[in-house]
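Engineer: My structure is in start_29.cif, and what it holds is mmCIF, C-alpha atoms:
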data_run
#
loop_
_atom_site.label_atom_id
_atom_site.label_comp_id
_atom_site.auth_asym_id
_atom_site.auth_seq_id
_atom_site.Cartn_x
_atom_site.Cartn_y
_atom_site.Cartn_z
CA MET A 1 -94.38 142.06 -1.31
CA GLU A 2 -92.20 140.57 1.33
CA LEU A 3 -89.53 142.94 2.53
CA ARG A 4 -86.01 141.69 2.63
CA ARG A 5 -84.81 141.67 6.21
CA ASP A 6 -81.27 140.46 6.47
CA VAL A 7 -77.91 141.83 7.39
CA PHE A 8 -77.21 143.02 3.84
CA GLN A 9 -80.44 144.95 3.70
CA ALA A 10 -79.37 146.48 7.00
CA ILE A 11 -76.02 147.67 5.75
CA ALA A 12 -77.27 148.76 2.33
CA ASP A 13 -78.15 152.23 3.62
CA PRO A 14 -75.41 154.70 4.60
CA THR A 15 -77.32 156.11 7.60
CA ARG A 16 -77.91 152.62 8.94
CA ARG A 17 -74.24 151.83 8.52
CA GLU A 18 -73.41 154.90 10.57
CA ILE A 19 -75.90 153.87 13.23
CA ILE A 20 -74.25 150.43 13.39
CA THR A 21 -70.81 151.98 13.76
CA LEU A 22 -72.10 154.27 16.49
CA ILE A 23 -73.84 151.56 18.47
CA SER A 24 -71.02 149.05 18.05
CA LYS A 25 -68.89 151.39 20.17
CA GLN A 26 -71.45 151.67 22.97
CA SER A 27 -75.14 151.08 23.64
CA LEU A 28 -77.14 154.26 23.21
CA ASN A 29 -80.71 155.35 23.69
CA LEU A 30 -82.75 156.45 20.70
CA ASN A 31 -82.35 160.17 21.36
CA ALA A 32 -78.59 159.88 21.71
CA VAL A 33 -78.45 158.09 18.36
CA ALA A 34 -80.68 160.69 16.69
CA GLU A 35 -78.50 163.54 17.98
CA ASN A 36 -75.70 162.31 15.74
CA PHE A 37 -77.69 162.85 12.55
CA ASP A 38 -79.20 165.76 10.67
CA VAL A 39 -82.29 163.82 9.67
CA SER A 40 -85.48 163.74 11.75
CA ARG A 41 -85.86 161.61 14.85
CA GLN A 42 -88.67 159.71 13.07
CA ALA A 43 -86.34 158.83 10.22
CA ILE A 44 -83.74 157.51 12.67
CA SER A 45 -86.47 155.64 14.50
CA LEU A 46 -87.43 153.91 11.25
CA HIS A 47 -83.82 152.97 10.49
CA ILE A 48 -83.48 151.54 13.96
CA LYS A 49 -86.67 149.55 13.49
CA ILE A 50 -85.25 148.07 10.26
CA LEU A 51 -81.96 147.28 11.98
CA GLU A 52 -83.88 145.52 14.73
CA GLU A 53 -85.91 143.55 12.18
CA CYS A 54 -82.69 142.55 10.46
CA GLY A 55 -81.47 141.25 13.79
CA LEU A 56 -78.49 143.56 13.91
CA ILE A 57 -79.51 145.48 17.00
CA LEU A 58 -81.39 144.74 20.16
CA ILE A 59 -83.71 147.31 21.73
CA LYS A 60 -84.23 147.21 25.47
CA GLN A 61 -86.73 149.33 27.37
CA GLU A 62 -85.12 150.82 30.48
CA GLY A 63 -87.50 153.10 32.32
CA ARG A 64 -88.50 155.75 29.81
CA ASP A 65 -85.49 155.09 27.60
CA ARG A 66 -85.09 152.60 24.81
CA TYR A 67 -81.51 151.41 24.54
CA CYS A 68 -80.02 150.08 21.32
CA SER A 69 -77.16 147.59 21.44
CA ILE A 70 -75.36 145.68 18.73
CA GLN A 71 -75.89 141.96 18.03
CA PRO A 72 -72.37 140.85 17.15
CA LYS A 73 -73.47 137.43 15.89
CA LYS A 74 -75.42 139.01 13.06
CA LEU A 75 -72.53 141.22 12.11
CA SER A 76 -70.47 138.08 11.59
CA GLU A 77 -72.73 137.26 8.65
CA VAL A 78 -70.95 140.12 6.95
CA ALA A 79 -67.70 138.33 7.69
CA ASP A 80 -69.11 135.21 6.00
CA TRP A 81 -69.67 137.31 2.92
CA LEU A 82 -65.96 138.12 2.93
CA GLU A 83 -64.96 134.48 3.22
CA PRO A 84 -64.54 133.51 -0.48
CA PHE A 85 -62.47 136.65 -1.07
CA ARG A 86 -60.40 135.90 2.02
CA THR A 87 -59.89 132.30 0.91
CA MET A 88 -58.61 133.51 -2.44
CA TRP A 89 -55.94 135.57 -0.69
CA GLU A 90 -55.18 132.79 1.78
CA ASP A 91 -54.49 130.47 -1.16
CA ARG A 92 -52.30 133.05 -2.82
CA PHE A 93 -50.35 133.75 0.33
CA SER A 94 -49.76 130.06 0.98
CA ARG A 95 -48.13 130.00 -2.45
CA VAL A 96 -46.04 133.00 -1.31
CA ASP A 97 -44.98 130.86 1.70
CA ASP A 98 -43.70 128.18 -0.69
CA ILE A 99 -41.81 130.76 -2.74
CA LEU A 100 -40.28 132.24 0.42
CA LYS A 101 -39.10 128.80 1.56
CA LYS A 102 -37.30 128.35 -1.75
CA LEU A 103 -35.79 131.84 -1.59
CA LYS A 104 -34.54 131.20 1.96
CA ARG A 105 -32.90 127.93 0.88
CA LYS A 106 -31.24 129.69 -2.05
CA LYS A 107 -29.96 132.40 0.24
CA HIS A 108 -28.31 129.79 2.42
CA GLY A 109 -26.53 128.39 -0.58
CA LYS A 110 -28.40 125.10 -0.90
CA MET B 1 -46.80 122.47 11.68
CA ALA B 2 -50.21 124.03 11.30
CA ASN B 3 -50.34 127.28 9.43
CA LYS B 4 -50.40 129.99 12.07
CA ASN B 5 -50.23 132.81 9.56
CA LYS B 6 -53.89 133.56 9.04
CA THR B 7 -54.99 135.98 6.35
CA SER B 8 -57.41 138.63 7.57
CA VAL B 9 -59.60 140.74 5.36
CA ILE B 10 -61.04 143.85 6.97
CA ALA B 11 -63.87 145.58 5.14
CA GLU B 12 -66.00 147.76 7.37
CA PRO B 13 -69.57 148.36 6.21
CA GLY B 14 -69.95 151.59 4.27
CA LYS B 15 -66.27 152.25 3.72
CA GLN B 16 -64.49 152.57 0.41
CA GLU B 17 -61.46 150.61 1.51
CA LEU B 18 -60.43 147.15 2.48
CA PHE B 19 -57.36 145.74 4.18
CA ILE B 20 -55.68 142.40 3.67
CA VAL B 21 -53.23 141.50 6.44
CA ARG B 22 -50.87 138.51 6.60
CA GLU B 23 -47.63 137.61 8.36
CA PHE B 24 -44.84 135.63 6.72
CA ASP B 25 -41.99 133.55 8.16
CA ALA B 26 -39.33 135.34 6.18
CA PRO B 27 -37.41 138.60 6.40
CA ARG B 28 -38.77 141.71 4.78
CA SER B 29 -36.33 141.78 1.86
CA LEU B 30 -37.48 138.33 0.70
CA VAL B 31 -41.17 139.06 1.14
CA TYR B 32 -40.73 142.30 -0.77
CA LYS B 33 -39.04 140.34 -3.52
CA ALA B 34 -41.99 137.95 -3.77
CA PHE B 35 -44.24 140.97 -4.29
CA SER B 36 -42.06 142.81 -6.79
CA ASP B 37 -40.50 140.15 -9.02
CA LYS B 38 -42.39 139.37 -12.21
CA LYS B 39 -41.75 135.62 -12.24
CA LEU B 40 -42.49 135.24 -8.53
CA LEU B 41 -45.72 137.27 -8.82
CA GLU B 42 -46.86 135.09 -11.72
CA GLY B 43 -46.15 132.10 -9.53
CA TRP B 44 -48.44 133.11 -6.68
CA LEU B 45 -51.10 135.39 -8.21
CA GLY B 46 -52.03 132.56 -10.52
CA CYS B 47 -52.70 128.92 -9.73
CA GLN B 48 -53.40 125.58 -11.38
CA GLN B 49 -56.80 126.68 -12.71
CA MET B 50 -55.78 130.21 -13.60
CA LYS B 51 -52.46 131.13 -15.13
CA VAL B 52 -51.16 134.65 -14.69
CA LYS B 53 -48.77 136.18 -17.20
CA TYR B 54 -47.37 139.70 -17.12
CA GLU B 55 -47.12 141.29 -20.54
CA LYS B 56 -45.62 144.42 -19.01
CA PHE B 57 -44.04 145.00 -15.62
CA GLU B 58 -42.12 148.14 -14.70
CA PRO B 59 -41.85 148.18 -10.90
CA ARG B 60 -40.72 151.79 -10.43
CA ALA B 61 -42.28 155.23 -9.95
CA GLY B 62 -43.96 156.15 -13.22
CA GLY B 63 -43.88 152.61 -14.58
CA SER B 64 -46.90 150.49 -15.35
CA TYR B 65 -47.98 146.89 -15.53
CA ARG B 66 -50.48 144.67 -17.27
CA TYR B 67 -51.14 141.02 -16.66
CA ILE B 68 -53.48 138.50 -18.18
CA SER B 69 -55.25 135.78 -16.22
CA THR B 70 -56.20 132.78 -18.31
CA MET B 71 -58.56 130.14 -17.03
CA GLU B 72 -58.63 126.45 -17.90
CA ASN B 73 -61.44 126.99 -20.39
CA GLY B 74 -59.35 129.53 -22.26
CA MET B 75 -61.21 132.59 -21.07
CA SER B 76 -58.90 135.41 -20.13
CA PHE B 77 -59.03 138.78 -18.40
CA GLY B 78 -56.63 141.66 -18.26
CA PHE B 79 -55.63 143.72 -15.23
CA HIS B 80 -53.51 146.82 -15.41
CA GLY B 81 -52.29 149.77 -13.42
CA VAL B 82 -49.65 152.40 -12.89
CA CYS B 83 -46.77 152.02 -10.46
CA HIS B 84 -46.50 154.99 -8.16
CA ASP B 85 -43.88 153.94 -5.66
CA PHE B 86 -41.67 150.88 -5.31
CA SER B 87 -39.52 151.48 -2.21
CA PRO B 88 -37.74 148.28 -1.21
CA PRO B 89 -38.17 146.72 1.22
CA GLU B 90 -40.98 148.67 2.80
CA ARG B 91 -43.63 149.93 0.40
CA ILE B 92 -45.38 149.45 -2.95
CA ILE B 93 -48.05 151.87 -4.17
CA GLN B 94 -49.89 151.28 -7.44
CA THR B 95 -53.25 151.54 -9.14
CA PHE B 96 -55.27 148.53 -10.23
CA GLU B 97 -58.06 148.11 -12.74
CA PHE B 98 -59.93 145.00 -13.81
CA GLU B 99 -60.51 145.16 -17.56
CA GLY B 100 -63.48 142.79 -17.50
CA LEU B 101 -65.93 145.31 -16.05
CA PRO B 102 -68.74 146.64 -18.26
CA GLU B 103 -67.20 150.12 -18.16
CA THR B 104 -63.69 151.41 -17.65
CA GLY B 105 -62.60 153.85 -14.98
CA HIS B 106 -63.18 151.78 -11.84
CA VAL B 107 -59.69 152.17 -10.46
CA VAL B 108 -58.33 150.99 -7.13
CA LEU B 109 -55.41 152.55 -5.25
CA GLU B 110 -53.32 149.83 -3.62
CA THR B 111 -50.71 150.40 -0.93
CA THR B 112 -48.72 147.42 0.30
CA LYS B 113 -46.65 147.86 3.44
CA PHE B 114 -43.96 145.47 4.65
CA GLU B 115 -43.13 145.65 8.37
CA ASP B 116 -40.29 143.94 10.21
CA LEU B 117 -41.37 141.63 13.02
CA PRO B 118 -39.18 139.89 15.62
CA SER B 119 -37.54 136.54 14.69
CA GLY B 120 -37.12 137.42 11.04
CA ARG B 121 -40.81 137.63 10.31
CA THR B 122 -42.67 140.18 8.20
CA LYS B 123 -46.16 141.64 8.34
CA VAL B 124 -47.76 142.61 5.04
CA THR B 125 -50.72 145.01 4.95
CA VAL B 126 -52.46 145.68 1.66
CA GLN B 127 -54.83 148.64 1.68
CA SER B 128 -57.15 148.97 -1.33
CA VAL B 129 -59.05 152.23 -1.69
CA PHE B 130 -61.99 152.15 -4.10
CA GLN B 131 -63.90 154.99 -5.77
CA SER B 132 -67.16 153.95 -4.12
CA THR B 133 -68.49 151.48 -1.58
CA ALA B 134 -70.30 149.79 -4.48
CA ASP B 135 -66.99 149.22 -6.26
CA ARG B 136 -65.48 147.71 -3.14
CA ASP B 137 -68.45 145.49 -2.36
CA GLY B 138 -68.66 144.41 -6.00
CA MET B 139 -65.04 143.30 -5.97
CA ILE B 140 -65.49 141.35 -2.76
CA SER B 141 -68.75 139.70 -3.84
CA ALA B 142 -67.58 138.71 -7.26
CA GLY B 143 -64.35 137.33 -5.89
CA MET B 144 -63.22 139.25 -8.91
CA GLU B 145 -59.94 137.60 -9.66
CA TYR B 146 -61.32 134.29 -8.40
CA GLY B 147 -59.13 131.38 -9.38
CA VAL B 148 -59.82 129.53 -6.16
CA VAL B 149 -62.75 127.35 -5.19
CA ASP B 150 -64.53 126.48 -8.41
CA ALA B 151 -63.69 128.66 -11.37
CA HIS B 152 -66.85 127.71 -13.20
CA ASN B 153 -69.20 128.61 -10.38
CA ARG B 154 -67.42 131.90 -10.06
CA LEU B 155 -67.85 132.54 -13.75
CA ASP B 156 -71.59 131.95 -13.50
CA GLU B 157 -71.68 134.37 -10.59
CA MET B 158 -69.85 136.99 -12.56
CA ILE B 159 -72.18 136.62 -15.51
CA GLU B 160 -75.11 137.02 -13.13
CA LEU B 161 -73.55 140.12 -11.68
CA ASN B 162 -73.04 141.49 -15.18
CA LEU B 163 -69.33 141.75 -14.66
CA ILE B 164 -68.90 139.93 -17.94
CA GLN B 165 -70.80 141.14 -20.95
#
Could you show the structure in this file as structure tokens?
Structural biologist:
Amino acid sequence: MELRRDVFQAIADPTRREIITLISKQSLNLNAVAENFDVSRQAISLHIKILEECGLILIKQEGRDRYCSIQPKKLSEVADWLEPFRTMWEDRFSRVDDILKKLKRKKHGK
Amino acid sequence: MANKNKTSVIAEPGKQELFIVREFDAPRSLVYKAFSDKKLLEGWLGCQQMKVKYEKFEPRAGGSYRYISTMENGMSFGFHGVCHDFSPPERIIQTFEFEGLPETGHVVLETTKFEDLPSGRTKVTVQSVFQSTADRDGMISAGMEYGVVDAHNRLDEMIELNLIQ
């Protein structure tokens, strides 16, 4: 079975979402990430591997440390997911603009 | 003039809330009116392909509302909630529930804030707090109240997502 490896798979798990939030603030090495969680270092390591496979984070070897940093381009795929919902509100609010124009005209006695 | 008032939707991964933010070229009292007047709400919540009609609207603390969205093909859905706070011209707090879900009880808490901006402009921030991240993500994915793009595609999507039984 082929495993699903995309941004939605990445954010489906609450621990991975927390890791993303953490790393989006600053790049961290694996140990520093693991320190923020109660689960084992191996478990965090696995989550990080999945995040890397989903293209959401980049792992760089620096000396003995492995640093994780966020890949903002991938995160924007999440924004694409929001787009139809956003468009719906944009359409609604443009109708509010029309209503406001009429209300303003009324207020000025025309 | 190009529309400079962009609508932003902020939904952080893993959170139970979402924000919708938009600025308007009108003073707060007018924007508040557009959000709290039955006829005006019907005018902008609905559109050509989806008519919105309030069958009940009591914009005051302890009041409630229910509106029906009817699509071109005659299919309709109800939405209802309880009004918690209508404080002109700065704040509206109410609950919101989509009646088309397979089970009841998936309620959203909506807070709409109206802020004065320079030059007679107003910033509106809608915060929706859901009972779970799944509820929030479901609402975003299904485009729940749809009515934009292509109503029929949306309907197919909703059937696929089991939002319609």
Engineer: Please report the interatomic distance between CA of Tyr32 in chain B and CA of Asp135 in chain B in Å with one decimal.
Structural biologist: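 Taking CA of Tyr32 in chain B as the start and CA of Asp135 in chain B as the end point, the length is 27.7 Å.
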Engineer: Could you give me, as a tab-separated table, every chain B residue with an atom at most 10 Å from chain A, plus its closest atom pair and distance in Å to one decimal, counting only C-alpha atoms, rows ordered by chain then number?
Structural biologist:
residue	atom	partner	partner_atom	distance
B:Asn3	CA	A:Ser94	CA	8.9
B:Asn5	CA	A:Ser94	CA	9.0
B:Lys6	CA	A:Glu90	CA	7.4
B:Thr7	CA	A:Glu90	CA	5.6
B:Ser8	CA	A:Arg86	CA	6.9
B:Val9	CA	A:Arg86	CA	5.9
B:Ile10	CA	A:Leu82	CA	8.6
B:Ala11	CA	A:Leu82	CA	8.1
B:Glu12	CA	A:Thr21	CA	9.0
B:Pro13	CA	A:Arg17	CA	6.3
B:Gly14	CA	A:Arg17	CA	6.0
B:Lys15	CA	A:Arg17	CA	9.3
B:Ile20	CA	A:Trp89	CA	8.1
B:Val21	CA	A:Trp89	CA	9.7
B:Arg22	CA	A:Phe93	CA	7.9
B:Glu23	CA	A:Phe93	CA	9.3
B:Phe24	CA	A:Asp97	CA	6.9
B:Asp25	CA	A:Asp97	CA	7.6
B:Ala26	CA	A:Leu100	CA	6.6
B:Pro27	CA	A:Lys104	CA	9.1
B:Leu30	CA	A:Leu100	CA	6.7
B:Val31	CA	A:Leu100	CA	6.9
B:Lys33	CA	A:Leu100	CA	9.1
B:Ala34	CA	A:Val96	CA	6.9
B:Phe35	CA	A:Val96	CA	8.7
B:Leu40	CA	A:Ile99	CA	7.4
B:Leu41	CA	A:Val96	CA	8.6
B:Gly43	CA	A:Arg95	CA	7.6
B:Trp44	CA	A:Arg95	CA	5.3
B:Leu45	CA	A:Arg92	CA	6.0
B:Gly46	CA	A:Arg92	CA	7.7
B:Cys47	CA	A:Arg92	CA	8.1
B:Thr133	CA	A:Pro14	CA	9.8
B:Ala134	CA	A:Ala12	CA	9.8
B:Asp137	CA	A:Leu82	CA	9.4
B:Met139	CA	A:Phe85	CA	8.7
B:Ile140	CA	A:Phe85	CA	5.8
B:Ser141	CA	A:Trp81	CA	7.2
B:Ala142	CA	A:Phe85	CA	8.3
B:Gly143	CA	A:Phe85	CA	5.2
B:Met144	CA	A:Phe85	CA	8.3
B:Glu145	CA	A:Met88	CA	8.4
B:Tyr146	CA	A:Met88	CA	6.6
B:Gly147	CA	A:Met88	CA	7.3
B:Val148	CA	A:Met88	CA	5.6
B:Val149	CA	A:Met88	CA	7.9
Engineer: Report as a list in words all protein, DNA and RNA residues lying within 6 Å of Tyr67 in chain A, evaluated on all atoms listed in the file, omitting residues in the same chain fewer than 6 positions from it.
Structural biologist: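 Surrounding residues, per the criterion: Leu28, Asn29, Ile59 and Lys60 of chain A.
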Engineer: Output the residue selection produced by the PyMOL selection byres ((chain B and resi 76-81) around 6) on the file above, formatted as number ranges by chain.
Structural biologist: B: 64-70, 75, 82, 95-99
Engineer: Residues as selected, C-alpha atoms, written as a PDB file, in the coordinates of the input, can you do that?
Structural biologist:
ATOM      1  CA  SER B  64     -46.900 150.490 -15.350  1.00  0.00           C
ATOM      2  CA  TYR B  65     -47.980 146.890 -15.530  1.00  0.00           C
ATOM      3  CA  ARG B  66     -50.480 144.670 -17.270  1.00  0.00           C
ATOM      4  CA  TYR B  67     -51.140 141.020 -16.660  1.00  0.00           C
ATOM      5  CA  ILE B  68     -53.480 138.500 -18.180  1.00  0.00           C
ATOM      6  CA  SER B  69     -55.250 135.780 -16.220  1.00  0.00           C
ATOM      7  CA  THR B  70     -56.200 132.780 -18.310  1.00  0.00           C
ATOM      8  CA  MET B  75     -61.210 132.590 -21.070  1.00  0.00           C
ATOM      9  CA  VAL B  82     -49.650 152.400 -12.890  1.00  0.00           C
ATOM     10  CA  THR B  95     -53.250 151.540  -9.140  1.00  0.00           C
ATOM     11  CA  PHE B  96     -55.270 148.530 -10.230  1.00  0.00           C
ATOM     12  CA  GLU B  97     -58.060 148.110 -12.740  1.00  0.00           C
ATOM     13  CA  PHE B  98     -59.930 145.000 -13.810  1.00  0.00           C
ATOM     14  CA  GLU B  99     -60.510 145.160 -17.560  1.00  0.00           C
TER      15      GLU B  99
END
Engineer: What separation in Å, quoted to one decimal, exists between CA of Gln71 in chain A and CA of Arg5 in chain A?
Structural biologist: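 Distance reported for this atom pair: 14.8 Å.
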Engineer: Could range 39-53 of chain B be completed with N, CA and C atoms and written as a short mmCIF file (atom, residue, chain, number, x, y, z; two decimals), in the coordinates of the input, please?
Structural biologist:
data_model
loop_
_atom_site.label_atom_id
_atom_site.label_comp_id
_atom_site.auth_asym_id
_atom_site.auth_seq_id
_atom_site.Cartn_x
_atom_site.Cartn_y
_atom_site.Cartn_z
N LYS B 39 -41.60 137.08 -12.22
CA LYS B 39 -41.75 135.62 -12.24
C LYS B 39 -42.40 135.11 -10.94
N LEU B 40 -41.95 135.68 -9.82
CA LEU B 40 -42.49 135.24 -8.53
C LEU B 40 -43.97 135.62 -8.42
N LEU B 41 -44.31 136.83 -8.86
CA LEU B 41 -45.72 137.27 -8.82
C LEU B 41 -46.59 136.34 -9.67
N GLU B 42 -46.09 136.00 -10.85
CA GLU B 42 -46.86 135.09 -11.72
C GLU B 42 -47.08 133.76 -11.01
N GLY B 43 -46.08 133.37 -10.23
CA GLY B 43 -46.15 132.10 -9.53
C GLY B 43 -47.20 132.05 -8.43
N TRP B 44 -47.46 133.19 -7.77
CA TRP B 44 -48.44 133.11 -6.68
C TRP B 44 -49.78 133.81 -6.95
N LEU B 45 -49.80 134.76 -7.86
CA LEU B 45 -51.10 135.39 -8.21
C LEU B 45 -51.96 134.37 -8.95
N GLY B 46 -51.31 133.57 -9.76
CA GLY B 46 -52.03 132.56 -10.52
C GLY B 46 -52.01 131.24 -9.78
N CYS B 47 -52.69 130.25 -10.33
CA CYS B 47 -52.70 128.92 -9.73
C CYS B 47 -52.95 127.90 -10.83
N GLN B 48 -53.19 126.66 -10.42
CA GLN B 48 -53.40 125.58 -11.38
C GLN B 48 -54.52 125.92 -12.38
N GLN B 49 -55.63 126.43 -11.86
CA GLN B 49 -56.80 126.68 -12.71
C GLN B 49 -56.74 128.02 -13.42
N MET B 50 -55.82 128.88 -13.00
CA MET B 50 -55.78 130.21 -13.60
C MET B 50 -54.33 130.69 -13.71
N LYS B 51 -53.85 130.72 -14.92
CA LYS B 51 -52.46 131.13 -15.13
C LYS B 51 -52.38 132.65 -15.24
N VAL B 52 -51.36 133.19 -14.62
CA VAL B 52 -51.16 134.65 -14.69
C VAL B 52 -49.86 134.93 -15.45
N LYS B 53 -49.96 135.83 -16.41
CA LYS B 53 -48.77 136.18 -17.20
C LYS B 53 -48.70 137.71 -17.33
#
